[in-house]
Every structure is written in C-alpha cells, then in structure tokens.
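K.L.:
Take a look at input-v5.txt, compact mmCIF, C-alpha atoms (C1' of nucleotides):
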```
# COMPACT_ATOMS: atom_id res chain seq x y z
CA MET I 15 -2.05 -14.83 -25.13
CA LYS I 16 -0.67 -17.33 -22.67
CA ILE I 17 1.60 -16.25 -19.87
CA SER I 18 4.77 -17.48 -21.55
CA GLU I 19 3.90 -15.49 -24.66
CA ALA I 20 3.16 -12.43 -22.58
CA ALA I 21 6.51 -12.95 -20.88
CA ALA I 22 8.32 -13.15 -24.19
CA ALA I 23 6.48 -10.14 -25.57
CA SER I 24 7.18 -7.98 -22.55
CA GLY I 25 10.63 -9.19 -21.64
CA CYS I 26 9.35 -9.92 -18.18
CA HIS I 27 10.01 -13.22 -16.45
CA LEU I 28 7.00 -15.49 -16.30
CA GLU I 29 7.11 -15.90 -12.56
CA THR I 30 7.49 -12.17 -12.19
CA ILE I 31 4.24 -11.64 -14.05
CA ARG I 32 2.47 -13.89 -11.59
CA TYR I 33 4.20 -12.00 -8.81
CA TYR I 34 2.95 -8.66 -10.14
CA GLU I 35 -0.56 -10.06 -10.22
CA ARG I 36 -0.20 -11.35 -6.70
CA ILE I 37 0.82 -7.97 -5.32
CA GLY I 38 -1.89 -6.21 -7.32
CA LEU I 39 0.34 -4.31 -9.75
CA LEU I 40 -1.47 -6.16 -12.52
CA SER I 41 -5.16 -6.90 -12.17
CA LYS I 42 -6.14 -10.55 -12.16
CA ALA I 43 -5.81 -11.95 -15.64
CA ALA I 44 -8.76 -13.56 -17.39
CA ARG I 45 -8.73 -17.34 -17.42
CA ARG I 46 -9.35 -19.86 -20.15
CA ASP I 47 -11.45 -22.95 -19.58
CA ASN I 48 -8.40 -24.87 -18.45
CA GLY I 49 -7.52 -22.26 -15.86
CA TYR I 50 -4.59 -20.80 -17.80
CA ARG I 51 -4.17 -17.03 -17.67
CA ASP I 52 -5.09 -15.20 -20.86
CA TYR I 53 -3.53 -11.84 -21.66
CA THR I 54 -4.80 -9.06 -23.90
CA HIS I 55 -2.66 -6.69 -25.88
CA ALA I 56 -3.40 -3.92 -23.38
CA GLU I 57 -2.21 -6.04 -20.50
CA VAL I 58 1.02 -6.83 -22.29
CA GLU I 59 1.50 -3.12 -22.87
CA ARG I 60 1.05 -2.47 -19.19
CA LEU I 61 3.61 -5.14 -18.53
CA CYS I 62 6.03 -3.50 -20.95
CA PHE I 63 5.53 -0.24 -19.12
CA ILE I 64 6.39 -1.90 -15.84
CA THR I 65 9.41 -3.71 -17.22
CA ARG I 66 10.73 -0.59 -18.85
CA GLY I 67 10.15 1.37 -15.68
CA ARG I 68 12.16 -1.19 -13.75
CA GLU I 69 14.95 -0.94 -16.30
CA LEU I 70 15.02 2.78 -15.67
CA GLY I 71 15.33 2.07 -11.99
CA PHE I 72 11.85 3.03 -10.81
CA SER I 73 10.53 1.13 -7.82
CA LEU I 74 7.32 -0.83 -8.24
CA GLU I 75 5.61 1.75 -6.08
CA GLU I 76 6.75 4.57 -8.33
CA ILE I 77 5.63 2.61 -11.35
CA GLN I 78 2.23 2.20 -9.81
CA SER I 79 2.03 5.98 -9.40
CA LEU I 80 3.10 6.49 -12.98
CA LEU I 81 0.50 4.04 -14.20
CA ALA I 82 -2.17 5.77 -12.15
CA LEU I 83 -1.13 9.09 -13.66
CA ALA I 84 -1.15 7.59 -17.12
CA GLU I 85 -4.72 6.52 -16.62
CA GLN I 86 -6.00 9.99 -15.85
CA THR I 87 -6.17 11.61 -19.23
CA ASP I 88 -5.96 15.18 -18.02
CA MET I 89 -3.62 17.28 -15.96
CA SER I 90 -1.10 14.69 -15.06
CA CYS I 91 1.85 15.41 -17.29
CA ALA I 92 3.32 17.80 -14.75
CA ASP I 93 3.12 15.14 -12.06
CA VAL I 94 4.74 12.59 -14.32
CA ASP I 95 7.46 15.05 -15.09
CA ARG I 96 8.04 15.78 -11.42
CA LEU I 97 8.22 12.08 -10.56
CA ALA I 98 10.65 11.44 -13.37
CA ARG I 99 12.84 14.36 -12.37
CA GLU I 100 12.89 13.28 -8.75
CA HIS I 101 13.85 9.84 -9.83
CA LEU I 102 16.58 11.15 -12.06
CA ALA I 103 18.00 13.15 -9.18
CA ASP I 104 17.96 10.01 -7.07
CA ILE I 105 19.83 8.03 -9.71
CA GLN I 106 22.39 10.80 -10.00
CA GLY I 107 22.83 10.74 -6.26
CA ARG I 108 23.47 7.04 -6.38
CA ILE I 109 25.96 7.48 -9.19
CA GLN I 110 27.85 9.99 -7.09
CA ALA I 111 27.85 7.70 -4.08
CA LEU I 112 29.25 4.89 -6.20
CA GLN I 113 31.83 7.19 -7.72
CA ARG I 114 33.02 8.17 -4.26
CA MET I 115 33.23 4.49 -3.40
CA ALA I 116 35.18 3.70 -6.55
CA GLN I 117 37.54 6.59 -5.94
CA GLU I 118 38.29 5.57 -2.39
CA LEU I 119 38.66 1.96 -3.35
CA ALA I 120 40.97 2.82 -6.22
CA ARG I 121 43.08 4.95 -3.92
CA THR I 122 43.22 2.09 -1.44
CA ILE I 123 44.28 -0.37 -4.11
CA GLU I 124 46.92 2.05 -5.33
CA GLY I 125 48.48 2.00 -1.89
CA CYS I 126 48.95 -1.75 -1.94
CA ALA I 127 52.51 -2.64 -2.87
CA GLY I 128 51.24 -5.87 -4.34
CA GLY I 129 52.98 -8.60 -2.47
CA ALA I 130 54.62 -7.54 0.73
CA ARG I 131 51.92 -8.46 3.16
CA ALA I 132 53.20 -6.87 6.32
CA ARG I 133 51.62 -3.52 5.66
CA CYS I 134 48.81 -4.21 3.23
CA ALA I 135 47.26 -0.83 2.65
CA ILE I 136 43.90 -2.25 1.65
CA LEU I 137 43.34 -4.07 4.89
CA SER I 138 44.54 -1.27 7.12
CA ASP I 139 42.48 1.19 5.15
CA LEU I 140 39.45 -0.93 5.76
CA GLN I 141 40.16 -0.85 9.44
CA THR I 142 40.10 2.93 9.45
CA PRO I 143 36.78 4.69 9.94
CA ALA I 144 35.57 6.51 6.85
CA ASP I 145 36.06 10.04 8.12
CA ARG I 146 39.66 9.40 9.05
CA ALA I 147 40.34 7.45 5.86
CA ALA I 148 38.96 10.10 3.55
CA PRO I 149 38.87 13.53 5.11
CA ASN I 150 38.03 15.07 1.75
CA ALA I 151 35.16 12.74 0.94
CA THR I 152 31.64 13.40 2.17
CA PRO I 153 31.26 12.05 5.71
CA ALA I 154 29.22 9.06 4.62
CA PRO I 155 28.18 8.05 1.14
CA LYS I 156 24.55 8.03 2.13
CA GLY I 157 22.02 8.96 -0.45
CA GLY I 158 18.66 7.66 -1.57
CA ARG I 159 17.66 4.29 -0.29
CA ARG I 160 15.47 3.39 -3.22
CA PRO I 161 15.59 -0.30 -4.09
CA ALA I 162 15.73 0.03 -7.87
CA VAL I 163 17.19 -2.30 -10.40
CA HIS I 164 17.53 -5.86 -9.41
CA ARG I 165 19.37 -7.70 -12.12
CA PRO I 166 18.85 -11.45 -11.86
CA GLY I 167 21.15 -14.01 -13.49
CA ILE I 168 24.46 -12.82 -14.85
CA ASP I 169 27.10 -13.06 -12.19
CA ALA I 170 30.09 -10.88 -12.89
CA MET D 22 32.12 -1.68 26.18
CA LYS D 23 28.37 -2.00 25.96
CA ILE D 24 26.67 -2.57 22.69
CA SER D 25 25.48 1.02 22.33
CA GLU D 26 29.03 2.24 22.85
CA ALA D 27 30.35 -0.24 20.33
CA ALA D 28 27.68 0.99 17.94
CA ALA D 29 28.71 4.60 18.45
CA ALA D 30 32.40 3.76 18.11
CA SER D 31 31.95 1.78 14.93
CA GLY D 32 29.20 3.75 13.29
CA CYS D 33 27.20 0.57 13.05
CA HIS D 34 23.58 0.39 14.11
CA LEU D 35 23.04 -1.44 17.38
CA GLU D 36 20.56 -3.90 15.94
CA THR D 37 22.89 -4.52 13.06
CA ILE D 38 25.62 -5.57 15.45
CA ARG D 39 23.32 -8.18 16.93
CA TYR D 40 22.41 -9.23 13.42
CA TYR D 41 26.07 -9.71 12.50
CA GLU D 42 26.53 -11.84 15.57
CA ARG D 43 23.47 -13.89 14.69
CA ILE D 44 24.71 -14.67 11.20
CA GLY D 45 28.18 -15.45 12.49
CA LEU D 46 30.03 -12.51 10.96
CA LEU D 47 31.00 -11.55 14.49
CA SER D 48 31.71 -14.22 17.04
CA LYS D 49 29.47 -14.29 20.08
CA ALA D 50 30.31 -11.41 22.36
CA ALA D 51 31.30 -11.97 25.98
CA ARG D 52 28.59 -11.28 28.51
CA ARG D 53 28.58 -9.37 31.75
CA ASP D 54 26.85 -10.69 34.85
CA ASN D 55 23.64 -9.00 33.82
CA GLY D 56 23.68 -10.66 30.43
CA TYR D 57 24.68 -7.53 28.53
CA ARG D 58 27.15 -7.98 25.69
CA ASP D 59 30.65 -6.72 26.38
CA TYR D 60 32.92 -5.65 23.55
CA THR D 61 36.69 -5.44 23.40
CA HIS D 62 38.69 -2.96 21.39
CA ALA D 63 39.55 -5.69 18.88
CA GLU D 64 35.90 -6.51 18.35
CA VAL D 65 35.08 -2.89 17.73
CA GLU D 66 37.90 -2.77 15.21
CA ARG D 67 36.45 -5.75 13.43
CA LEU D 68 33.13 -3.98 13.41
CA CYS D 69 34.74 -0.87 11.93
CA PHE D 70 36.24 -3.04 9.24
CA ILE D 71 32.84 -4.44 8.40
CA THR D 72 31.12 -1.07 8.44
CA ARG D 73 33.79 0.47 6.29
CA GLY D 74 33.63 -2.44 3.89
CA ARG D 75 29.89 -1.97 3.58
CA GLU D 76 30.42 1.73 2.88
CA LEU D 77 32.72 0.74 0.07
CA GLY D 78 29.99 -1.50 -1.26
CA PHE D 79 31.37 -4.91 -0.36
CA SER D 80 28.82 -7.59 0.40
CA LEU D 81 28.92 -9.24 3.81
CA GLU D 82 30.21 -12.35 2.12
CA GLU D 83 33.08 -10.45 0.53
CA ILE D 84 33.84 -8.82 3.83
CA GLN D 85 34.03 -12.21 5.45
CA SER D 86 36.59 -13.26 2.85
CA LEU D 87 38.57 -10.10 3.43
CA LEU D 88 38.54 -10.69 7.16
CA ALA D 89 39.67 -14.26 6.67
CA LEU D 90 42.51 -13.04 4.46
CA ALA D 91 43.40 -10.40 7.00
CA GLU D 92 43.79 -13.08 9.61
CA GLN D 93 46.32 -15.10 7.68
CA THR D 94 49.50 -13.16 8.12
CA ASP D 95 51.27 -14.44 5.05
CA MET D 96 50.66 -14.62 1.35
CA SER D 97 47.30 -13.01 1.21
CA CYS D 98 47.94 -9.51 -0.02
CA ALA D 99 47.62 -10.61 -3.63
CA ASP D 100 44.25 -12.18 -2.87
CA VAL D 101 43.07 -9.05 -1.12
CA ASP D 102 44.20 -7.02 -4.07
CA ARG D 103 42.38 -9.28 -6.49
CA LEU D 104 39.17 -9.12 -4.47
CA ALA D 105 39.37 -5.36 -4.24
CA ARG D 106 39.99 -4.99 -7.96
CA GLU D 107 37.12 -7.28 -8.84
CA HIS D 108 34.91 -5.29 -6.59
CA LEU D 109 36.04 -2.03 -8.10
CA ALA D 110 35.23 -3.34 -11.56
CA ASP D 111 31.80 -4.31 -10.32
CA ILE D 112 31.16 -0.87 -8.90
CA GLN D 113 32.27 0.72 -12.15
CA GLY D 114 29.87 -1.53 -14.01
CA ARG D 115 27.07 -0.41 -11.78
CA ILE D 116 28.00 3.22 -12.31
CA GLN D 117 27.81 2.72 -16.04
CA ALA D 118 24.43 1.02 -15.79
CA LEU D 119 23.10 3.90 -13.73
CA GLN D 120 24.57 6.42 -16.15
CA ARG D 121 22.77 4.74 -19.02
CA MET D 122 19.58 4.89 -17.00
CA ALA D 123 20.08 8.56 -16.20
CA GLN D 124 20.81 9.36 -19.83
CA GLU D 125 17.72 7.63 -21.11
CA LEU D 126 15.59 9.13 -18.42
CA ALA D 127 16.96 12.61 -19.07
CA ARG D 128 16.27 12.19 -22.77
CA THR D 129 12.75 11.06 -21.97
CA ILE D 130 12.16 14.04 -19.70
CA GLU D 131 13.54 16.37 -22.37
CA GLY D 132 10.86 15.17 -24.74
CA CYS D 133 8.07 16.17 -22.42
CA ALA D 134 6.54 19.45 -23.44
CA GLY D 135 5.67 20.08 -19.83
CA GLY D 136 1.93 20.51 -19.75
CA ALA D 137 0.14 19.34 -22.84
CA ARG D 138 -0.87 15.91 -21.72
CA ALA D 139 -2.12 14.42 -24.96
CA ARG D 140 1.27 13.20 -26.06
CA CYS D 141 3.32 12.97 -22.90
CA ALA D 142 6.66 11.70 -24.05
CA ILE D 143 7.57 10.20 -20.72
CA LEU D 144 4.59 7.91 -20.55
CA SER D 145 4.77 6.81 -24.16
CA ASP D 146 8.47 6.25 -23.81
CA LEU D 147 7.82 4.03 -20.86
CA GLN D 148 5.38 2.06 -22.95
CA THR D 149 8.07 1.38 -25.52
CA PRO D 150 10.32 -1.65 -25.06
CA ALA D 151 13.89 -0.75 -24.25
CA ASP D 152 15.47 -1.84 -27.53
CA ARG D 153 13.05 0.24 -29.56
CA ALA D 154 13.28 3.19 -27.20
CA ALA D 155 17.06 3.34 -27.17
CA PRO D 156 18.62 1.67 -30.20
CA ASN D 157 22.02 3.08 -29.30
CA ALA D 158 22.02 1.98 -25.69
CA THR D 159 23.18 -1.47 -24.65
CA PRO D 160 20.30 -3.95 -25.08
CA ALA D 161 19.67 -4.19 -21.37
CA PRO D 162 21.47 -2.43 -18.57
CA LYS D 163 22.31 -5.67 -16.90
CA GLY D 164 25.49 -5.84 -14.97
CA GLY D 165 26.57 -7.19 -11.62
CA ARG D 166 23.81 -8.29 -9.33
CA ARG D 167 25.74 -7.68 -6.16
CA PRO D 168 23.53 -6.36 -3.35
CA ALA D 169 25.96 -3.81 -1.97
CA VAL D 170 25.17 -0.65 -0.12
CA HIS D 171 21.92 -0.53 1.63
CA ARG D 172 21.42 2.92 3.04
CA PRO D 173 18.81 2.97 5.79
CA GLY D 174 17.04 6.13 6.94
CA ILE D 175 17.60 9.28 4.93
CA ASP D 176 15.00 9.53 2.26
CA ALA D 177 16.04 11.74 -0.60
C1' DC O 5 13.86 4.40 48.69
C1' DC O 6 10.77 4.76 44.83
C1' DT O 7 9.71 5.70 40.33
C1' DA O 8 10.25 6.68 35.66
C1' DA O 9 13.07 6.62 31.75
C1' DA O 10 16.51 4.63 29.15
C1' DG O 11 19.11 0.71 27.87
C1' DT O 12 19.43 -4.23 26.95
C1' DC O 13 17.83 -8.84 26.13
C1' DC O 14 15.47 -12.21 22.83
C1' DG O 15 12.99 -14.12 18.91
C1' DT O 16 10.12 -13.13 15.19
C1' DA O 17 8.21 -10.74 11.37
C1' DG O 18 8.40 -7.36 7.87
C1' DT O 19 10.84 -5.00 3.91
C1' DC O 20 11.86 -5.17 -1.60
C1' DG O 21 11.66 -7.58 -5.88
C1' DC O 22 11.94 -11.18 -7.22
C1' DT O 23 13.26 -16.52 -7.93
C1' DC O 24 12.84 -21.23 -7.17
C1' DC O 25 10.52 -25.33 -5.42
C1' DG O 26 7.37 -29.28 -5.48
C1' DG O 27 3.28 -31.46 -6.67
C1' DA O 28 -0.64 -31.50 -9.54
C1' DG O 29 -3.25 -30.79 -13.60
C1' DT O 30 -3.27 -29.78 -18.98
C1' DC O 31 -1.88 -29.99 -23.58
C1' DA O 32 0.54 -31.14 -28.06
C1' DA O 33 3.55 -34.27 -30.57
C1' DG O 34 5.16 -38.79 -31.62
C1' DC S 24 -0.52 -43.90 -24.74
C1' DT S 25 3.35 -41.92 -23.29
C1' DT S 26 6.45 -38.30 -23.02
C1' DG S 27 7.67 -33.84 -22.38
C1' DA S 28 6.53 -29.09 -22.14
C1' DC S 29 3.56 -25.88 -20.08
C1' DT S 30 0.66 -24.07 -16.45
C1' DC S 31 -1.28 -23.82 -11.91
C1' DC S 32 -0.61 -22.72 -6.78
C1' DG S 33 1.25 -21.62 -2.23
C1' DG S 34 5.25 -21.16 0.24
C1' DA S 35 10.13 -20.62 1.18
C1' DG S 36 14.46 -18.34 0.28
C1' DC S 37 17.63 -14.45 -0.89
C1' DG S 38 20.51 -10.07 1.24
C1' DA S 39 20.98 -6.88 4.67
C1' DC S 40 18.88 -5.14 7.50
C1' DT S 41 14.87 -2.76 10.55
C1' DA S 42 11.15 -2.84 13.67
C1' DC S 43 8.32 -4.82 17.22
C1' DG S 44 6.89 -6.48 21.69
C1' DG S 45 7.57 -8.08 26.21
C1' DA S 46 10.79 -8.94 29.87
C1' DC S 47 14.54 -7.53 32.40
C1' DT S 48 18.37 -4.18 34.29
C1' DT S 49 20.40 0.04 35.07
C1' DT S 50 20.51 4.94 35.92
C1' DA S 51 18.94 9.53 37.24
C1' DG S 52 15.92 12.42 39.73
C1' DG S 53 12.86 13.46 43.51
```
Could you spell out this file's structure in structure tokens?

P.N.:
Amino acid sequence: MKISEAAAASGCHLETIRYYERIGLLSKAARRDNGYRDYTHAEVERLCFITRGRELGFSLEEIQSLLALAEQTDMSCADVDRLAREHLADIQGRIQALQRMAQELARTIEGCAGGARARCAILSDLQTPADRAAPNATPAPKGGRRPAVHRPGIDA
Amino acid sequence: MKISEAAAASGCHLETIRYYERIGLLSKAARRDNGYRDYTHAEVERLCFITRGRELGFSLEEIQSLLALAEQTDMSCADVDRLAREHLADIQGRIQALQRMAQELARTIEGCAGGARARCAILSDLQTPADRAAPNATPAPKGGRRPAVHRPGIDA
DNA sequence: CCTAAAGTCCGTAGTCGCTCCGGAGTCAAG
DNA sequence: CTTGACTCCGGAGCGACTACGGACTTTAGG
C-alpha cells in the first residue's frame, strides 16, 4: 500500500502519516525499490487506532501509551480503562469550562442594548476582571491543559 | 507600575505581558531610567481586557479586533455584538464536539468488562474507524478550529 | 558597606500537532 | 516524449505561550 492509499484507508492526512513516522509514533515504513513507503494492513490498523484516538481527543502521548498497553496481551485492560476514564474526566472538565465561558458570554451579550454605543455592556464587561464580572462563576475557568483535537481545514 | 505589579493586577503572567508587547498587542511600554517597563492604569486595563477575553476563549486576533472596535467611540456596538455572537456560536460548537467525544468514550468504557483482557472493548473500539464505530454520531467531530483557551500550569 | 536574593532585561528555543513549501526524483497515461 | 500526478525530504510556520540563560538592578539583612 502506498502512502496515499494508507491515508485514504485510515482517514489520516498523508503528511501527518509522515509526521507520525518522524516522531516515532509509527515505526519506519518499509520501502519499495523506488524509495516509496509501503504499508501493511497492520500498519494501517495502527494508523486507524491513532486517528480514532485523536478524534476522541487523546493526545499523541496518551495514544502511545494506549498502543503500548494494547501490545501487551495480558493484564493491561485495567490500565486502559483507567487511562480512558481519566481522559473522559478531562474532556468533561473542558466541557464545563466552555459552558461557563458560553454562559458568561451569553450574559454579556444579553446586556448589550444593540446599538447605543455609549455604554456597550460587552466591552465594559470585558474590561472587568473575571472575579468581579462573575462572582458566582468559578474563579477562573482553568481545567486540564491537554492539547487534544486539532481540527484542520473548515473555518467556521 | 512595574511589570510584576501589572501582572498581579491583571492576572496575566509576566512573560506573557512581554510576549503581548513583542507581537504588538500591547504598545511598547514606557521605561524608567533603569530600563524597567513602567505601566499606567490604562495599560493595565487593556491587559485586563485581553486576559478576560482569553478567559472567554477569544483568540488574540479577535481580541485585537474588539480592542480596535472599543477605541472607535461610534457605531461599533453592532460589530462587537456580531463578533461576540459568532464567538459564542463557535464555543457552543466546540462544546457539542466534546460532548460527542465524551459520549462515545463513555460508551466505549461501558463496554469494557474491566479485567478480562482478551476482548477489551476500548482497544478494539479504538481500532475501528469512526463511522463504523458510531453510525449515529456525526461523521467526524469537526467544528471550529479556533485555538482559544490555553490553560498553563494545573495538570488535571 | 557588603552580600545575597529577588526582580528585570533580552533574545532564543521549545512546546503540540500538525500543515505547507520547494525542489527533486518517479511513475502512468496520452 | 511530454504532461501531470505522486512521492521523497528537510525545514519553516502556525497560535499562544513558557522556559532558559546570562547580564544587569534593586532591595533587604547583617
């Protein structure tokens, strides 16, 4: 399988595959006589695993751990489970942080009369430090700092 | 006001302040005789605005627009409102994407018996391409690609 | 007054996960 | 034989910081 086919089969961008090889997440692919990379079914599966993991918001480092665990055939399910649960908790934390953001932002937008500029609530709200602006909200919407899903093209 | 005081007053990391100056988000601060930066109340307010904007998930570029709008004293409230609403929609999109992730992940974790490794649902689920794994979920959880909140220290 | 610690300066490099670039070689179709 | 698509590679760029190292200044304590 050539790299473009592996890309199509895994849903992973071609350049990203090369990138994964470069950073050692994928082992160096076999080469044909012409120097082109040649992928086996197993390698494409590994790639699918990575891609899917990314879609679920795992970092490449976490995915590497998961792959390592997947390779030991005994006594690893509990570890996998723990990792997944930790990750889920992290995602939920991020959802909450975003929800707080959305709430505050919505409240701020509400306050804007919509045309009379003199006392634009949005701008003055932005000027106000978080704790004064939202005494009920958690001091700072800090949570996990995990990198997670990077979604390429598609500009909103 | 020295930089550390400005940092404390604005809740913005000291190095980040210098960074903002470097990229032109803040104009170059006045200097004392010893070369130390000296901040006025207005500059600290601008910094608060930026920090708060970041907390609400605006990108630095968006914040720059907001600041520019804030400086024109007429006819900008509608623009501010539009920007804020667009941003809110983006945040909501990201929340939904994360919720899909969490749902799928939770479902995957559910399937794991918890010890018997032979058929660990989590790992095999990860092996499965997204569309086969979750026929009901949106094809790919792609949404906005805005960078938004980077939260430094604090590891979950 | 001297010393040590803390604060500030600066530029540069590293982080994460890609993505794009340019220039060169290879391959398949017309 | 030419054209276009594909592949190779290393390196730079993105966003928003964070960290580092070496030089300088200021401040507090003895």

K.L.:
May I ask you to extract the residues of chain D within 9 Å of chain O, using all atoms listed in the file, and to give them as a PyMOL selection string?

P.N.:
chain D and resi 24-25+56-58

K.L.:
Could you state the separation of atom CA of Ile130 of chain D and atom CA of Thr30 of chain I in Å, given to one decimal place?

P.N.:
27.7 Å

K.L.:
What is the distance, in Å and to one decimal place, between atom CA of Ile64 of chain I and atom CA of Ala123 of chain D?

P.N.:
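Atom CA of Ala123 of chain D lies 17.2 Å from atom CA of Ile64 of chain I.
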
K.L.:
Can you work out which one of S:DC43, S:DC37, S:DC31, S:DA51 has the shortest atom-to-atom distance to chain I, counting only C-alpha atoms (C1' of nucleotides)?

P.N.:
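Comparing S:DC43, S:DC37, S:DC31, S:DA51 against chain I, the winner is S:DC31.
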
K.L.:
Quick one, how far is atom CA of Cys91 of chain I from atom CA of Ala21 of chain I?

P.N.:
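If I compute the distance from atom CA of Cys91 of chain I to atom CA of Ala21 of chain I, I get 29.0 Å.
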
K.L.:
Hey, which of D:Cys69, D:Cys33, D:Leu81, D:Ala50 ends up closest to chain S? Count only C-alpha atoms (C1' of nucleotides).

P.N.:
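Comparing D:Cys69, D:Cys33, D:Leu81, D:Ala50 against chain S, the winner is D:Leu81.
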
K.L.:
Using all atoms listed in the file, find the one residue out of I:Arg108, I:Arg60, I:His55, I:Arg36 that sits nearest to chain S.

P.N.:
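Counting all atoms listed in the file, the residue closest to chain S is I:Arg36.
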
K.L.:
Excluding Asp59 of chain D and its own-chain neighbours fewer than 6 positions away, which residues fall within 8 Å of it when counting only C-alpha atoms (C1' of nucleotides)? Please give them as a PyMOL selection string.

P.N.:
chain D and resi 22-24+50-53

K.L.:
With C-alpha atoms retained, export the selected residues as a PDB file, keeping the file's coordinate frame.

P.N.:
```
ATOM      1  CA  MET D  22      32.120  -1.680  26.180  1.00  0.00           C
ATOM      2  CA  LYS D  23      28.370  -2.000  25.960  1.00  0.00           C
ATOM      3  CA  ILE D  24      26.670  -2.570  22.690  1.00  0.00           C
ATOM      4  CA  ALA D  50      30.310 -11.410  22.360  1.00  0.00           C
ATOM      5  CA  ALA D  51      31.300 -11.970  25.980  1.00  0.00           C
ATOM      6  CA  ARG D  52      28.590 -11.280  28.510  1.00  0.00           C
ATOM      7  CA  ARG D  53      28.580  -9.370  31.750  1.00  0.00           C
TER       8      ARG D  53
END
```

K.L.:
Can you list every residue of chain S that has an atom at most 9 Å from chain D, with its nearest atom pair and the distance in Å to one decimal, using all atoms listed in the file, ordered by chain then number, as a Markdown table?

P.N.:
```
| residue | atom | partner | partner_atom | distance |
| --- | --- | --- | --- | --- |
| S:DG38 | C1' | D:Pro168 | CA | 6.6 |
| S:DA39 | C1' | D:His171 | CA | 7.1 |
| S:DC40 | C1' | D:Thr37 | CA | 6.9 |
| S:DT41 | C1' | D:Glu36 | CA | 7.9 |
| S:DT48 | C1' | D:Asn55 | CA | 7.2 |
```

K.L.:
Using all atoms listed in the file, which residue out of I:Glu19, I:Ile77, I:Phe63, I:Gly125 lies closest to chain D?

P.N.:
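Ranked by minimum distance to chain D, first place goes to I:Phe63.
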
K.L.:
Show me, as lines of an AutoDock Vina configuration file, the centre and edge lengths in Å to one decimal of the axis-aligned box that covers every listed atom of segment 19-33 of chain O with 8 Å on each side.

P.N.:
```
center_x = 5.0
center_y = -19.6
center_z = -13.3
size_x = 32.5
size_y = 45.3
size_z = 50.5
```

K.L.:
Ranking D:Glu76, D:Glu82, D:Glu64, D:Asp54 by minimum distance to chain I and counting only C-alpha atoms, which one comes first?

P.N.:
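Checking each of D:Glu76, D:Glu82, D:Glu64, D:Asp54 against chain I, counting only C-alpha atoms, the winner is D:Glu76.
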
K.L.:
Rank I:Ala98, I:Ala20, I:Leu83, I:Leu28 by their smallest atom-to-atom distance to Tyr53 of chain I, using all atoms listed in the file, and report the top residue only.

P.N.:
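Of the candidates, the smallest distance to Tyr53 of chain I is held by I:Ala20.
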
K.L.:
Could you pull chain S out of the block above and give me C-alpha atoms (C1' of nucleotides), as a compact mmCIF listing (two decimals), in the first residue's frame?

P.N.:
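Done, and the output landed in part-v5.txt:
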```txt
# COMPACT_ATOMS: atom_id res chain seq x y z
C1' DC S 24 8.12 12.21 -25.15
C1' DT S 25 5.65 15.06 -22.53
C1' DT S 26 2.50 16.03 -19.09
C1' DG S 27 0.65 15.60 -14.82
C1' DA S 28 0.15 13.17 -10.60
C1' DC S 29 2.58 11.14 -6.94
C1' DT S 30 6.37 10.65 -3.75
C1' DC S 31 10.53 11.96 -1.43
C1' DC S 32 12.94 15.15 2.05
C1' DG S 33 14.13 18.80 5.30
C1' DG S 34 12.69 22.93 7.08
C1' DA S 35 9.63 26.71 8.24
C1' DG S 36 5.26 28.33 10.00
C1' DC S 37 1.06 28.38 13.00
C1' DG S 38 -1.00 30.04 17.99
C1' DA S 39 -0.17 31.26 22.45
C1' DC S 40 2.57 30.87 25.25
C1' DT S 41 6.62 29.03 28.61
C1' DA S 42 11.26 28.36 29.87
C1' DC S 43 16.12 29.29 29.72
C1' DG S 44 20.47 31.64 30.36
C1' DG S 45 23.31 35.47 31.18
C1' DA S 46 23.59 40.27 32.35
C1' DC S 47 22.06 43.90 34.99
C1' DT S 48 19.48 46.47 39.01
C1' DT S 49 17.22 46.78 43.18
C1' DT S 50 16.16 45.54 47.87
C1' DA S 51 16.70 43.53 52.45
C1' DG S 52 19.53 41.85 56.03
C1' DG S 53 23.76 41.63 58.62
```
